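Each remark here refers to the structure printed beneath this line.
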Amino acid sequence: MRFFLSGIIAVVFLNILLVPPVRAQSYGLGFYSHEVVQDKRTTLDLSLNNITPKDNLEFAFDLSFIANQQIYFGYILRLVGDDKQNIDLVYDNQANTKHFKIIIGEKLSKISFNIDEKLLYDGDSWSKLRILIDFKKDKLTVFAGKEAYSESGVHLKQSAGYKMLFGANAYRKYQTTDLPPFKLRDVKVLQNSKLMALWPLSEWQGDVVHETVNQNDGKVTNPLWIKARHRNWQIEKEFTLAGTATLAFDPVTETVYIVTPDSLVSYSVSKTPQLKTAAYQTGKQQLIPGDQTLFNNDKLYYLFIDQRAVATYSIKDQKWDKSFKNMPLATNTGHLNKFFCKTDTSIYTIGGYGQLVYKDSVKQYKVNSGTWQNVKVKGDTFTPRYMAGLGINAMGDTAYVIGGYGSASGQQIVNPGNLYDMMRFNVKTKTFKKLFNIDVKREDFVFANSLIINEKTRTYYGLIFPQHKYNSNLQLIRGSLDKPAYQLVGDTIPYLFHDIHSYADVYYCPHSGKFLTVTLFKENEQTKVKIYSLLGPPEPLETPVISDESINYILWLSGVMVVGLGIAGIIVSRRKTAQRRHQADQVIAEAAAINHHPVPEAAPAEVYTDANRLHSNKNAIFLFGDLQLFTPEGNEITKYFTPLLKELFLVILLYSVKLGRGVSSEKLNEILWFDKSEKSARNNRSVNIAKLKSLLDKMGHCHLSKDTGFWKIEIDYQEIMVDYHNYLNIVSNKSKLNKQKILQLTDITQRGNFLSNIEYEWLDAFKSEVSNEITDSYIQFAGSVKVAEDPEFLIKLANDIFYFDPVNEEAMILKCKALSFLGKHSLAKNTFENFNKEYKVIYGEAFERDFHSIIE
């Protein structure tokens, strides 16, 4: 017991040291108003029954208005007692009047007031309102902040039950669809100062509003959960443009500019969001894919970096000052960073990539003279790179550059890799200063083009994404300018990444308090534009990532405290390891038996009803590579799975898809809760099954059942693409393999190995089987094709086999013969020699055959 308590103290102490203070979470309920049709407006119904008569009754809540809406008019609250009497709080937007009014019955009361508009419309501020009914004194008082407004002789009678109807409602004679766009939180009812009910309105989703005192839950229709808007990116606009496009942003008007060859497209989020297109008065402008645009002082600067030229566009006059023709088809300085410095009225560019070379150069364009020059920099070494994030201070004389991809030599062929240093560039001294390196505990990533810098709080926001994936995701992070710690905030955004064909940037709107992410993807001479928004401050997804250098001392200090716990835990750990090994052996044995279970074979057309489904981020479950689940709307919900829910999901899914019958409760207990009592395991299973059902409901055409006595995930494969199911359909009948099916199998596996980033002991059998089945399928089909018929395809097939088995003898022979047939003898010899080296490392001896015997 002493060791146990010491361990708890150590863990608590470690958490206190590691977790930095963060801002209070944003929560509440937003109300859809006149901006949507009546059926889509928000209703909140809270009831309170069995009220004992007392001297007074108080209703309190926090209120704020949603900014940038057109109509502010209607009912905020209708308080109905015993269905006989009502007190209404309304907002009247007529000029020269006090806007907030109280209605009692069918008459306006004498109570009316205003709330400071700066406070009312500030996204981070809330106004506290209290409605106090004093039955003894026959008096109604409304408290708004520090002010109080009263009326006596209101003749209100005590009721046994009350309904609080916020926003629109369809309740009997009190129904209404008029309401202003407002936000609400912390609804309370007090009687003689005693708290009787509290609805915090802190939910993420759903139509149930939880009450914390007596579990007297309420209902909401068409909710706009504030917490979700601080965590879930929302699509603002999606459209397609002809040709190449670049981005720029004006934070004052909160306008995104999209420069195209023939017109300027603008999207403003202030007031009423609107998309506008203005054709150039000067005719078409040739754009180079990969070049960039920058906004400053009502002008756009399009940077022809390689040509050391700039075209300036007047937004007011809709004219370019110069145009260019017969320009290159692509830039040699793609994904560079740029910024505008007010102190010397110059544009600076840093880094970039082109012609297999990463750049470290800093270039300056002097706006007033229209001249370029290379900047000789001093200080710490800036590694050549592209795909870094850059942000500036208010004057633009200090730039922060973080991350990217590059190499010390600048040559792509010489050991390129991800970079994670934070560099500061001082414009005045032309000096780079390395501040720190951030740690990456998971997957490698690069940055979208911009950082959002807040020098007051010494923080930055940036978008990261894994650049080695086509079906990638953008993730917002919040970090410190002074130390390596950073934190994931908000959920992910689907992002198709294909080098200079893709571009992403993040902006901050200071007036509306929104973050904007804009993505561009060019395909078939068209550019797809998507604009997403997230309310600030963003909600964190997890605890901060702390660098190794920051925690060395903490680990040393806390290590002294946890030694006792470690010693005490050895005995328990050994017992649990033995239990795990026993259940893992059982799973592997059962999985071996699974190999003989026939998979219901679908017709060939059912493997891919659409050739593009495997690359679609809608209605899909991916198990190859990273585990990912996408809803019909294209939202990835994998992030909502806790580690335990993820393992529970995978156990049931794999047993369902592979066996066709699912998994028993006993087997789930054995795998997931082997160290718990039967009752505790049952309770844990019930809670997590309910959570899993809720998450799968988001998918549609996919639900969890126990109709046969086994837990099974039922999936409509016509509606939901499951790559593991498609894989099984291909490998289950090797006698029917053809080139089309092999290409389909390669399409599945190109995302990565089966559940590549997930490790469970029970999963090893599944992983081993998948690897063997894929390799066997490739080899069996290769044996049916003569080298002379399709040598290029056989080389690709051999490479695919090496991906799963780097010392596969048959694949090596196949590749060597195909290369020799094509006359590429040196490549064939290199293939053999590389194979021989790998073989010797693994087996400790040289491969028994020589090269000439292989190709004969």
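Going through the structure tokens in order, the chains are called A, B, and so on, while each chain numbers its residues from 1 and the ligands are numbered from 1 in the order shown.
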Got a sec: who's within 7 Å of Ala399 in chain A, counting only C-alpha atoms, leaving out chain neighbours fewer than 4 positions off, as a PDB file with N, CA, C and O atoms, in the first residue's frame?
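For reference, out.pdb as written:
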```
ATOM      1  N   LEU A 390       5.713  29.884 -41.501  1.00  0.00           N
ATOM      2  CA  LEU A 390       6.325  31.176 -41.173  1.00  0.00           C
ATOM      3  C   LEU A 390       5.264  32.148 -40.680  1.00  0.00           C
ATOM      4  O   LEU A 390       4.184  32.257 -41.264  1.00  0.00           O
ATOM      5  N   GLY A 391       5.605  32.859 -39.599  1.00  0.00           N
ATOM      6  CA  GLY A 391       4.733  33.909 -39.071  1.00  0.00           C
ATOM      7  C   GLY A 391       5.570  35.095 -38.639  1.00  0.00           C
ATOM      8  O   GLY A 391       6.779  34.973 -38.381  1.00  0.00           O
ATOM      9  N   ILE A 392       4.954  36.272 -38.559  1.00  0.00           N
ATOM     10  CA  ILE A 392       5.690  37.499 -38.243  1.00  0.00           C
ATOM     11  C   ILE A 392       5.030  38.227 -37.083  1.00  0.00           C
ATOM     12  O   ILE A 392       3.866  37.991 -36.742  1.00  0.00           O
ATOM     13  N   ASN A 393       5.804  39.153 -36.493  1.00  0.00           N
ATOM     14  CA  ASN A 393       5.239  40.035 -35.482  1.00  0.00           C
ATOM     15  C   ASN A 393       4.449  41.148 -36.163  1.00  0.00           C
ATOM     16  O   ASN A 393       4.320  41.182 -37.387  1.00  0.00           O
ATOM     17  N   ARG A 424      14.356  32.053 -35.721  1.00  0.00           N
ATOM     18  CA  ARG A 424      13.887  33.447 -35.724  1.00  0.00           C
ATOM     19  C   ARG A 424      14.793  34.258 -36.645  1.00  0.00           C
ATOM     20  O   ARG A 424      16.017  34.196 -36.538  1.00  0.00           O
ATOM     21  N   PHE A 425      14.156  35.005 -37.572  1.00  0.00           N
ATOM     22  CA  PHE A 425      14.915  35.839 -38.507  1.00  0.00           C
ATOM     23  C   PHE A 425      14.663  37.306 -38.195  1.00  0.00           C
ATOM     24  O   PHE A 425      13.511  37.762 -38.191  1.00  0.00           O
ATOM     25  N   ASN A 426      15.731  38.034 -37.934  1.00  0.00           N
ATOM     26  CA  ASN A 426      15.647  39.460 -37.638  1.00  0.00           C
ATOM     27  C   ASN A 426      15.951  40.253 -38.901  1.00  0.00           C
ATOM     28  O   ASN A 426      17.048  40.141 -39.472  1.00  0.00           O
TER      29      ASN A 426
END
```
Which parts of range 223-450 of chain A does DSSP call alpha helix (DSSP H) when run on the backbone here, written out as JSON, numbers by chain?
-> {"A": [226, 227, 228, 229]}
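Minimum atom-to-atom distance to Gly354 in chain A, evaluated using only C-alpha atoms, belongs to A:His335 out of A:His335, A:Lys376, A:Lys441, A:Lys84.
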Give the strand (DSSP E or B) residues of range 411-441 of chain A, as assigned by DSSP on the backbone, as a PyMOL selection string.
-> chain A and resi 411+417-426+431-437
Name the closest residue to Ser202 in chain A among the candidates A:Asn684, A:Ser266, A:Ser33, A:Ser26; distances are taken between atoms, counting only C-alpha atoms.
->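 Selected residue with least distance to Ser202 in chain A: A:Ser26.
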From the set A:Asn68, A:Ser480, A:Ser784, A:Gln234, which residue has the shortest atom-to-atom contact distance to Glu633 in chain A, counting only C-alpha atoms?
-> A:Gln234
Residues near Ile500 in chain A, cut-off 7 Å, only C-alpha atoms, skip fewer than 2 positions along chain, as a PyMOL selection string = chain A and resi 289-290+334+498+502-503
Writer output for current selection, C-alpha atoms, as a PDB file, in the first residue's frame:
```pdb
ATOM      1  CA  PRO A 289       2.011  26.660 -60.567  1.00  0.00           C
ATOM      2  CA  GLY A 290       3.809  26.893 -57.227  1.00  0.00           C
ATOM      3  CA  GLY A 334       7.815  25.786 -54.701  1.00  0.00           C
ATOM      4  CA  HIS A 498       0.486  16.106 -54.189  1.00  0.00           C
ATOM      5  CA  SER A 502      -1.590  21.128 -53.362  1.00  0.00           C
ATOM      6  CA  TYR A 503      -1.431  24.148 -51.074  1.00  0.00           C
TER       7      TYR A 503
END
```
